[in-house]
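Chemist: Below is the file input31.cif, which contains mmCIF, C-alpha atoms and all ligand atoms.
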```cif
data_structure
loop_
_atom_site.label_atom_id
_atom_site.label_comp_id
_atom_site.auth_asym_id
_atom_site.auth_seq_id
_atom_site.Cartn_x
_atom_site.Cartn_y
_atom_site.Cartn_z
CA MET A 1 2.43 1.19 -4.70
CA GLY A 2 -0.41 0.73 -7.12
CA PRO A 3 -4.11 1.42 -7.43
CA PRO A 4 -6.64 -0.35 -5.21
CA GLY A 5 -6.82 -3.97 -6.27
CA ALA A 6 -3.40 -3.92 -7.94
CA GLY A 7 -2.39 -6.72 -5.58
CA LYS A 8 -0.28 -4.79 -3.06
CA GLY A 9 -1.48 -6.86 -0.11
CA THR A 10 -1.28 -10.13 -2.05
CA GLN A 11 2.30 -9.47 -3.16
CA ALA A 12 3.49 -7.85 0.08
CA VAL A 13 3.06 -11.09 2.01
CA LEU A 14 4.94 -13.19 -0.56
CA VAL A 15 7.74 -10.72 -1.23
CA ALA A 16 8.31 -9.95 2.47
CA GLU A 17 8.56 -13.66 3.19
CA TYR A 18 11.06 -14.09 0.33
CA PHE A 19 13.31 -11.36 1.73
CA GLY A 20 12.71 -12.34 5.38
CA VAL A 21 11.30 -8.99 6.52
CA PRO A 22 7.92 -8.04 8.05
CA ALA A 23 5.14 -6.79 5.72
CA ILE A 24 3.49 -3.71 7.20
CA SER A 25 0.10 -3.02 5.64
CA THR A 26 -1.68 0.16 6.72
CA GLY A 27 -4.93 -1.25 5.29
CA ASP A 28 -4.57 -4.44 7.38
CA ILE A 29 -3.79 -2.47 10.55
CA PHE A 30 -6.88 -0.31 9.97
CA ARG A 31 -9.06 -3.38 9.31
CA ALA A 32 -7.78 -5.11 12.46
CA ASN A 33 -8.66 -2.01 14.49
CA VAL A 34 -12.11 -1.85 12.87
CA SER A 35 -12.87 -5.46 13.76
CA GLU A 36 -11.61 -4.98 17.34
CA GLY A 37 -13.71 -1.80 17.67
CA THR A 38 -10.79 0.34 18.91
CA PRO A 39 -11.13 4.17 18.83
CA LEU A 40 -8.70 4.19 15.87
CA GLY A 41 -10.89 1.62 14.09
CA VAL A 42 -14.08 3.60 14.69
CA GLU A 43 -12.43 6.71 13.26
CA ALA A 44 -10.82 4.93 10.28
CA GLN A 45 -13.97 3.05 9.27
CA ARG A 46 -15.83 6.22 8.25
CA TYR A 47 -13.18 7.00 5.66
CA MET A 48 -12.56 3.47 4.46
CA ASP A 49 -16.27 2.79 3.89
CA ALA A 50 -16.44 5.85 1.63
CA GLY A 51 -13.27 4.85 -0.24
CA ASP A 52 -11.44 7.93 1.09
CA TYR A 53 -8.02 7.99 2.71
CA VAL A 54 -7.80 7.97 6.47
CA PRO A 55 -6.37 11.40 7.53
CA ASP A 56 -2.58 11.67 7.34
CA GLU A 57 -2.09 12.49 11.05
CA ILE A 58 -3.77 9.24 12.09
CA THR A 59 -2.00 7.12 9.50
CA ASN A 60 1.42 8.68 10.06
CA ASP A 61 1.39 8.20 13.84
CA MET A 62 0.34 4.59 13.37
CA VAL A 63 3.20 3.89 10.93
CA ARG A 64 5.78 5.65 13.14
CA ASP A 65 4.75 3.43 16.07
CA ARG A 66 4.89 0.31 13.92
CA LEU A 67 8.34 1.17 12.55
CA ALA A 68 9.62 1.55 16.12
CA GLN A 69 8.99 -2.16 16.77
CA PRO A 70 12.18 -4.26 16.99
CA ASP A 71 11.22 -6.63 14.13
CA THR A 72 11.88 -3.83 11.60
CA ALA A 73 15.55 -3.53 12.59
CA SER A 74 16.88 -5.50 9.62
CA GLY A 75 14.36 -4.31 7.06
CA PHE A 76 10.65 -4.09 6.32
CA LEU A 77 8.20 -3.83 3.46
CA LEU A 78 5.52 -1.12 3.55
CA ASP A 79 2.25 -2.05 1.81
CA GLY A 80 -0.07 0.82 0.90
CA TYR A 81 2.01 3.53 2.55
CA PRO A 82 2.85 6.29 1.72
CA ARG A 83 -0.21 7.31 -0.30
CA THR A 84 0.00 11.13 -0.07
CA LEU A 85 2.79 13.69 -0.41
CA SER A 86 2.49 14.49 3.27
CA GLN A 87 2.98 10.80 4.09
CA VAL A 88 6.10 10.78 1.87
CA GLU A 89 7.59 13.68 3.84
CA PHE A 90 6.66 12.13 7.16
CA LEU A 91 8.21 8.80 6.17
CA ASP A 92 11.37 10.56 4.99
CA ASN A 93 11.75 12.11 8.45
CA VAL A 94 11.04 8.89 10.35
CA LEU A 95 13.52 6.93 8.24
CA ALA A 96 16.17 9.65 8.42
CA ALA A 97 15.91 9.55 12.23
CA GLN A 98 16.38 5.77 12.12
CA ASN A 99 19.15 6.01 9.52
CA ALA A 100 17.19 3.45 7.45
CA PRO A 101 16.65 4.89 3.95
CA LEU A 102 14.12 3.41 1.52
CA GLU A 103 15.91 1.12 -0.92
CA HIS A 104 13.20 0.42 -3.49
CA VAL A 105 9.67 1.48 -4.38
CA ILE A 106 7.64 -1.05 -6.34
CA GLU A 107 4.75 0.09 -8.53
CA LEU A 108 2.37 -2.70 -9.58
CA VAL A 109 0.95 -1.79 -12.99
CA VAL A 110 -2.53 -3.17 -13.74
CA ASP A 111 -5.26 -2.12 -16.28
CA GLU A 112 -8.28 -0.35 -14.81
CA ASP A 113 -10.73 -2.93 -16.25
CA GLU A 114 -8.80 -5.72 -14.56
CA ILE A 115 -8.81 -3.80 -11.26
CA VAL A 116 -12.58 -3.30 -11.25
CA ALA A 117 -13.10 -7.00 -12.11
CA ARG A 118 -10.78 -8.10 -9.25
CA LEU A 119 -12.43 -5.87 -6.67
CA LEU A 120 -15.97 -6.87 -7.67
CA LYS A 121 -14.88 -10.51 -7.37
CA ARG A 122 -13.42 -9.81 -3.90
CA ALA A 123 -16.68 -8.04 -2.95
CA ALA A 124 -18.60 -11.20 -3.83
CA GLU A 125 -16.16 -13.46 -1.96
CA GLU A 126 -15.17 -11.43 1.13
CA GLY A 127 -17.90 -8.79 1.43
CA ARG A 128 -15.50 -5.92 2.13
CA THR A 129 -17.61 -2.77 2.60
CA ASP A 130 -15.28 -0.68 0.42
CA ASP A 131 -15.62 -2.96 -2.63
CA SER A 132 -19.00 -1.76 -4.01
CA GLU A 133 -18.82 -0.38 -7.56
CA GLU A 134 -19.48 3.21 -6.45
CA VAL A 135 -16.84 3.09 -3.71
CA ILE A 136 -14.34 1.38 -6.04
CA ARG A 137 -14.77 4.26 -8.50
CA ASN A 138 -14.10 6.77 -5.72
CA ARG A 139 -11.02 4.83 -4.56
CA LEU A 140 -9.64 4.85 -8.12
CA ARG A 141 -10.25 8.60 -8.37
CA VAL A 142 -8.58 9.24 -5.00
CA TYR A 143 -5.62 7.12 -6.12
CA ARG A 144 -5.26 9.02 -9.41
CA GLU A 145 -5.42 12.40 -7.68
CA GLN A 146 -3.43 11.80 -4.50
CA THR A 147 -1.16 8.78 -4.95
CA ALA A 148 -0.31 8.36 -8.65
CA PRO A 149 1.82 11.56 -8.58
CA LEU A 150 4.05 10.03 -5.89
CA THR A 151 5.54 7.59 -8.39
CA ALA A 152 7.23 10.54 -10.14
CA VAL A 153 8.76 11.61 -6.81
CA TYR A 154 10.28 8.18 -6.28
CA ALA A 155 11.29 7.85 -9.95
CA GLU A 156 13.24 11.10 -9.60
CA ARG A 157 15.05 9.64 -6.59
CA GLY A 158 15.94 6.59 -8.70
CA LEU A 159 14.01 4.22 -6.43
CA LEU A 160 11.00 3.29 -8.58
CA LEU A 161 10.69 -0.21 -10.06
CA ARG A 162 7.61 -0.63 -12.28
CA VAL A 163 6.39 -4.23 -12.42
CA ASP A 164 3.60 -5.77 -14.52
CA GLY A 165 0.97 -6.77 -11.92
CA GLN A 166 -1.13 -8.91 -14.29
CA GLY A 167 -0.99 -12.67 -14.60
CA ALA A 168 -0.69 -15.44 -12.01
CA VAL A 169 0.07 -14.30 -8.43
CA ASP A 170 3.29 -16.36 -8.25
CA ASP A 171 4.50 -14.97 -11.58
CA VAL A 172 3.96 -11.40 -10.36
CA ALA A 173 5.81 -12.21 -7.11
CA ALA A 174 8.76 -13.61 -9.09
CA ARG A 175 8.83 -10.43 -11.21
CA VAL A 176 8.90 -8.24 -8.08
CA GLU A 177 11.62 -10.35 -6.44
CA ASP A 178 13.72 -10.30 -9.62
CA ALA A 179 13.30 -6.54 -10.01
CA ILE A 180 14.41 -5.92 -6.41
CA SER A 181 17.35 -8.34 -6.64
CA ALA A 182 18.52 -6.81 -9.93
CA ALA A 183 18.35 -3.29 -8.47
CA SER A 184 20.11 -4.15 -5.20
CA PRO A 185 23.82 -3.32 -5.02
CA GLU A 186 24.65 -6.64 -3.36
CA ALA A 187 22.86 -8.66 -6.11
P1 LIG A 201 -5.56 -1.52 1.18
O1 LIG A 201 -5.78 -2.51 2.24
O2 LIG A 201 -4.16 -1.09 0.91
O3 LIG A 201 -6.21 -2.22 -0.05
P2 LIG A 201 -6.41 -2.12 -1.59
O4 LIG A 201 -5.76 -0.87 -2.13
O5 LIG A 201 -7.85 -2.28 -1.80
O6 LIG A 201 -5.85 -3.40 -2.27
P3 LIG A 201 -4.51 -4.12 -2.68
O7 LIG A 201 -3.76 -3.44 -3.78
O8 LIG A 201 -3.75 -4.41 -1.41
O9 LIG A 201 -5.08 -5.41 -3.34
P4 LIG A 201 -5.14 -6.92 -2.90
O10 LIG A 201 -3.79 -7.52 -2.82
O11 LIG A 201 -6.02 -7.02 -1.70
O12 LIG A 201 -6.42 -0.19 1.49
C1 LIG A 201 -7.77 -0.18 1.92
C2 LIG A 201 -8.18 1.19 2.48
O13 LIG A 201 -7.42 1.47 3.69
C3 LIG A 201 -7.91 2.42 1.60
O14 LIG A 201 -8.94 2.63 0.64
C4 LIG A 201 -7.85 3.56 2.70
O15 LIG A 201 -9.15 3.97 3.10
C5 LIG A 201 -7.18 2.89 3.86
N1 LIG A 201 -5.71 3.12 3.84
C6 LIG A 201 -4.75 2.16 3.70
N2 LIG A 201 -3.52 2.72 3.71
C7 LIG A 201 -3.70 4.06 3.84
C8 LIG A 201 -2.81 5.18 3.87
N3 LIG A 201 -1.47 5.02 3.77
N4 LIG A 201 -3.33 6.42 4.03
C9 LIG A 201 -4.66 6.60 4.16
N5 LIG A 201 -5.56 5.60 4.10
C10 LIG A 201 -5.10 4.33 3.94
O16 LIG A 201 -5.82 -7.56 -4.17
C11 LIG A 201 -7.12 -7.20 -4.59
C12 LIG A 201 -7.87 -8.42 -5.10
O17 LIG A 201 -7.25 -8.87 -6.30
C13 LIG A 201 -7.88 -9.60 -4.14
O18 LIG A 201 -9.16 -10.20 -4.16
C14 LIG A 201 -6.83 -10.53 -4.71
O19 LIG A 201 -7.12 -11.89 -4.43
C15 LIG A 201 -6.91 -10.26 -6.20
N6 LIG A 201 -5.64 -10.44 -6.88
C16 LIG A 201 -4.41 -10.05 -6.40
N7 LIG A 201 -3.45 -10.37 -7.30
C17 LIG A 201 -4.09 -10.95 -8.37
C18 LIG A 201 -3.64 -11.50 -9.63
N8 LIG A 201 -2.32 -11.50 -9.98
N9 LIG A 201 -4.58 -11.99 -10.47
C19 LIG A 201 -5.89 -11.98 -10.14
N10 LIG A 201 -6.38 -11.51 -8.96
C20 LIG A 201 -5.48 -11.00 -8.09
#
```
If you convert what's in this file into structure tokens, what do you get?
Modeler:
Amino acid sequence: MGPPGAGKGTQAVLVAEYFGVPAISTGDIFRANVSEGTPLGVEAQRYMDAGDYVPDEITNDMVRDRLAQPDTASGFLLDGYPRTLSQVEFLDNVLAAQNAPLEHVIELVVDEDEIVARLLKRAAEEGRTDDSEEVIRNRLRVYREQTAPLTAVYAERGLLLRVDGQGAVDDVAARVEDAISAASPEA
């Protein structure tokens, strides 16, 4: 978890590789559908371009289908999901049915000034339509209102690991890997 631009996608790939599990990014799945022009992509694009969340029903069904794939059998890393309380409840039910409880929740902690600078840089380099300054501000507001409160839910369950998301990408990855290893019973 973490605000837009915290580095969830960047770290998910590295950390999933380290632990030998698939990284499942709802943002990446939406973007792939947008570029392939699927009905899901057409629907999702309206929300993403405005910096709003794609509706829970759409996102939840997509994640349930992805978690049913055989490559998740020995573990997985979710990137950017859940982002709303309804997604938390849905995920709880899906994982309970699979008898595969969440083991850790990582929150990447990054200053807001650093976030805006990163996303404006990405806008210049990659031209993502949801990286304009106005849309970035909306995404930060949506995160504060809808997603930031979820960290308290996971903290109460004893699952939350807060990690400093600033500094070199490899240093952040090492911090995440260390935090997970230290919190794992088998470590
Ligand atoms: P996401 O794809 O999850 O993207 P994000 O929040 O913008 O960024 P992330 O934190 O992954 O940052 P990144 O590693 O790319 O979501 C996009 C949209 O999809 C959402 O706004 C929403 O509309 C929709 N969506 C996704 N999931 C959803 C859900 N569950 N429910 C509803 N809607 C959903 O890093 C950002 C930049 O920083 C990159 O340019 C990177 O190179 C740079 N960077 C990373 N780490 C750095 C470091 N340590 N130092 C300097 N720069 C760094």
Chemist: With distances taken over all atoms listed in the file, which residue among A:Leu160, A:Val94, A:Ala123, A:Val42 lies nearest ligand LIG 201 (chain A)?
Modeler: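 Among the listed residues, the smallest separation from ligand LIG 201 (chain A) belongs to A:Ala123.
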Chemist: Applying 9 Å and only C-alpha atoms, which residues near A:Thr129 remain after dropping the ones on its own chain fewer than 3 positions away? List them as a list in words.
Modeler: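 Contacts, with the query itself left out: Met48, Asp49, Ala50, Ala123, Ser132 and Val135 of chain A.
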Chemist: Pick out the residues sitting within 9 Å of A:Asp79, and hand them over as a list in words; count only C-alpha atoms, and ignore anything fewer than 4 positions along from it in its own chain.
Modeler: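 In the requested format, the answer is Met1, Lys8, Gly9, Gln11, Ala12, Ala23, Ile24, Ser25, Thr26 and Gly27 of chain A.
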Chemist: Given a cut-off of 7 Å, what residues near ligand LIG 201 (chain A) show up using only C-alpha atoms and all ligand atoms, put as a short mmCIF file (atom, residue, chain, number, x, y, z; two decimals) with C-alpha atoms, in the coordinates of the input?
Modeler:
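Generated output (part.cif):
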```cif
data_model
loop_
_atom_site.label_atom_id
_atom_site.label_comp_id
_atom_site.auth_asym_id
_atom_site.auth_seq_id
_atom_site.Cartn_x
_atom_site.Cartn_y
_atom_site.Cartn_z
CA GLY A 2 -0.41 0.73 -7.12
CA PRO A 3 -4.11 1.42 -7.43
CA PRO A 4 -6.64 -0.35 -5.21
CA GLY A 5 -6.82 -3.97 -6.27
CA ALA A 6 -3.40 -3.92 -7.94
CA GLY A 7 -2.39 -6.72 -5.58
CA LYS A 8 -0.28 -4.79 -3.06
CA GLY A 9 -1.48 -6.86 -0.11
CA THR A 10 -1.28 -10.13 -2.05
CA GLN A 11 2.30 -9.47 -3.16
CA SER A 25 0.10 -3.02 5.64
CA THR A 26 -1.68 0.16 6.72
CA GLY A 27 -4.93 -1.25 5.29
CA ASP A 28 -4.57 -4.44 7.38
CA PHE A 30 -6.88 -0.31 9.97
CA TYR A 47 -13.18 7.00 5.66
CA MET A 48 -12.56 3.47 4.46
CA GLY A 51 -13.27 4.85 -0.24
CA ASP A 52 -11.44 7.93 1.09
CA TYR A 53 -8.02 7.99 2.71
CA VAL A 54 -7.80 7.97 6.47
CA PRO A 55 -6.37 11.40 7.53
CA ASP A 56 -2.58 11.67 7.34
CA THR A 59 -2.00 7.12 9.50
CA ASP A 79 2.25 -2.05 1.81
CA GLY A 80 -0.07 0.82 0.90
CA TYR A 81 2.01 3.53 2.55
CA PRO A 82 2.85 6.29 1.72
CA ARG A 83 -0.21 7.31 -0.30
CA ARG A 118 -10.78 -8.10 -9.25
CA LEU A 119 -12.43 -5.87 -6.67
CA LYS A 121 -14.88 -10.51 -7.37
CA ARG A 122 -13.42 -9.81 -3.90
CA ARG A 139 -11.02 4.83 -4.56
CA GLY A 165 0.97 -6.77 -11.92
CA GLN A 166 -1.13 -8.91 -14.29
CA GLY A 167 -0.99 -12.67 -14.60
CA ALA A 168 -0.69 -15.44 -12.01
CA VAL A 169 0.07 -14.30 -8.43
CA VAL A 172 3.96 -11.40 -10.36
#
```
Chemist: Which residues are close to A:Gln146, i.e. within 9 Å by all atoms listed in the file, leaving aside same-chain residues fewer than 5 positions away? Reply as a PDB file with C-alpha atoms, in the frame of the given file.
Modeler:
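Result saved to part03.pdb:
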```pdb
ATOM      1  CA  ARG A  83      -0.210   7.310  -0.300  1.00  0.00           C
ATOM      2  CA  THR A  84       0.000  11.130  -0.070  1.00  0.00           C
ATOM      3  CA  LEU A  85       2.790  13.690  -0.410  1.00  0.00           C
ATOM      4  CA  ARG A 141     -10.250   8.600  -8.370  1.00  0.00           C
TER       5      ARG A 141
END
```
Chemist: In Å, how far is it from atom CA of A:Val34 to atom CA of A:Gly127?
Modeler: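 It comes out at 14.6 Å.
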Chemist: What is the atom CA of A:Val21-atom CA of A:Phe76 distance in Å, reported with one decimal?
Modeler: 4.9 Å
Chemist: Could you please determine the separation between atom CA of A:Gln45 and atom CA of A:Asn60 in Å, to one decimal place?
Modeler: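 Those two atoms sit 16.4 Å apart.
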Chemist: Using all atoms listed in the file, which residue out of A:Leu91, A:Ala174, A:Leu140, A:Leu14 lies closest to A:Asp111?
Modeler: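 Result for the nearest residue to A:Asp111: A:Leu140.
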Chemist: Residues of stretch 63-113 of chain A that have any atom at most 12 Å from an atom of stretch 177-182 of chain A: could you tabulate them with the shortest-distance atom pair and the distance in Å to one decimal, using all atoms listed in the file, ordered by chain and increasing number, as a Markdown table?
Modeler:
```
| residue | atom | partner | partner_atom | distance |
| --- | --- | --- | --- | --- |
| A:Leu77 | CA | A:Ile180 | CA | 11.8 |
| A:Glu103 | CA | A:Ile180 | CA | 9.1 |
| A:His104 | CA | A:Ile180 | CA | 7.1 |
| A:Val105 | CA | A:Ile180 | CA | 9.0 |
| A:Ile106 | CA | A:Ile180 | CA | 8.3 |
| A:Glu107 | CA | A:Ala179 | CA | 10.9 |
| A:Leu108 | CA | A:Ala179 | CA | 11.6 |
```
Chemist: Taking only C-alpha atoms into account, name the residue in A:Ala73, A:Leu150, A:Leu120, A:Arg144 that is nearest to A:Glu89.
Modeler: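 Distance minimum relative to A:Glu89 lands on A:Leu150.
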Chemist: Generate the coordinates of N, CA, C and O atoms for stretch 159-179 of chain A; report them as a compact mmCIF listing (two decimals), in the frame of the given file.
Modeler:
```txt
# COMPACT_ATOMS: atom_id res chain seq x y z
N LEU A 159 14.41 5.37 -7.24
CA LEU A 159 14.01 4.22 -6.43
C LEU A 159 12.90 3.38 -7.07
O LEU A 159 12.64 2.26 -6.63
N LEU A 160 12.22 3.94 -8.09
CA LEU A 160 11.00 3.29 -8.58
C LEU A 160 11.28 2.11 -9.51
O LEU A 160 12.04 2.22 -10.47
N LEU A 161 10.64 0.98 -9.20
CA LEU A 161 10.69 -0.21 -10.06
C LEU A 161 9.26 -0.50 -10.49
O LEU A 161 8.41 -0.79 -9.65
N ARG A 162 8.98 -0.38 -11.80
CA ARG A 162 7.61 -0.63 -12.28
C ARG A 162 7.52 -2.08 -12.71
O ARG A 162 8.34 -2.56 -13.49
N VAL A 163 6.52 -2.79 -12.17
CA VAL A 163 6.39 -4.23 -12.42
C VAL A 163 4.99 -4.52 -12.94
O VAL A 163 4.00 -4.00 -12.41
N ASP A 164 4.89 -5.35 -13.98
CA ASP A 164 3.60 -5.77 -14.52
C ASP A 164 2.87 -6.60 -13.46
O ASP A 164 3.35 -7.66 -13.06
N GLY A 165 1.71 -6.10 -13.00
CA GLY A 165 0.97 -6.77 -11.92
C GLY A 165 -0.09 -7.72 -12.43
O GLY A 165 -0.91 -8.20 -11.64
N GLN A 166 -0.11 -8.00 -13.76
CA GLN A 166 -1.13 -8.91 -14.29
C GLN A 166 -0.55 -10.29 -14.52
O GLN A 166 0.65 -10.44 -14.70
N GLY A 167 -1.43 -11.30 -14.45
CA GLY A 167 -0.99 -12.67 -14.60
C GLY A 167 -1.11 -13.40 -13.27
O GLY A 167 -1.66 -12.86 -12.31
N ALA A 168 -0.57 -14.63 -13.22
CA ALA A 168 -0.69 -15.44 -12.01
C ALA A 168 0.05 -14.78 -10.84
O ALA A 168 1.10 -14.15 -11.03
N VAL A 169 -0.50 -14.93 -9.62
CA VAL A 169 0.07 -14.30 -8.43
C VAL A 169 1.55 -14.66 -8.26
O VAL A 169 2.39 -13.79 -8.00
N ASP A 170 1.89 -15.95 -8.43
CA ASP A 170 3.29 -16.36 -8.25
C ASP A 170 4.21 -15.74 -9.30
O ASP A 170 5.38 -15.45 -9.03
N ASP A 171 3.68 -15.58 -10.52
CA ASP A 171 4.50 -14.97 -11.58
C ASP A 171 4.79 -13.50 -11.25
O ASP A 171 5.90 -13.01 -11.46
N VAL A 172 3.76 -12.80 -10.73
CA VAL A 172 3.96 -11.40 -10.36
C VAL A 172 4.98 -11.32 -9.23
O VAL A 172 5.90 -10.49 -9.25
N ALA A 173 4.86 -12.22 -8.24
CA ALA A 173 5.81 -12.21 -7.11
C ALA A 173 7.24 -12.42 -7.62
O ALA A 173 8.16 -11.73 -7.18
N ALA A 174 7.41 -13.35 -8.55
CA ALA A 174 8.76 -13.61 -9.09
C ALA A 174 9.28 -12.37 -9.81
O ALA A 174 10.48 -12.04 -9.70
N ARG A 175 8.38 -11.66 -10.52
CA ARG A 175 8.83 -10.43 -11.21
C ARG A 175 9.29 -9.39 -10.20
O ARG A 175 10.31 -8.71 -10.40
N VAL A 176 8.54 -9.24 -9.10
CA VAL A 176 8.90 -8.24 -8.08
C VAL A 176 10.25 -8.63 -7.45
O VAL A 176 11.15 -7.79 -7.31
N GLU A 177 10.38 -9.90 -7.08
CA GLU A 177 11.62 -10.35 -6.44
C GLU A 177 12.82 -10.16 -7.37
O GLU A 177 13.88 -9.69 -6.94
N ASP A 178 12.64 -10.48 -8.65
CA ASP A 178 13.72 -10.30 -9.62
C ASP A 178 14.08 -8.83 -9.77
O ASP A 178 15.26 -8.47 -9.85
N ALA A 179 13.04 -7.97 -9.83
CA ALA A 179 13.30 -6.54 -10.01
C ALA A 179 14.09 -5.99 -8.82
O ALA A 179 15.04 -5.22 -8.99
```
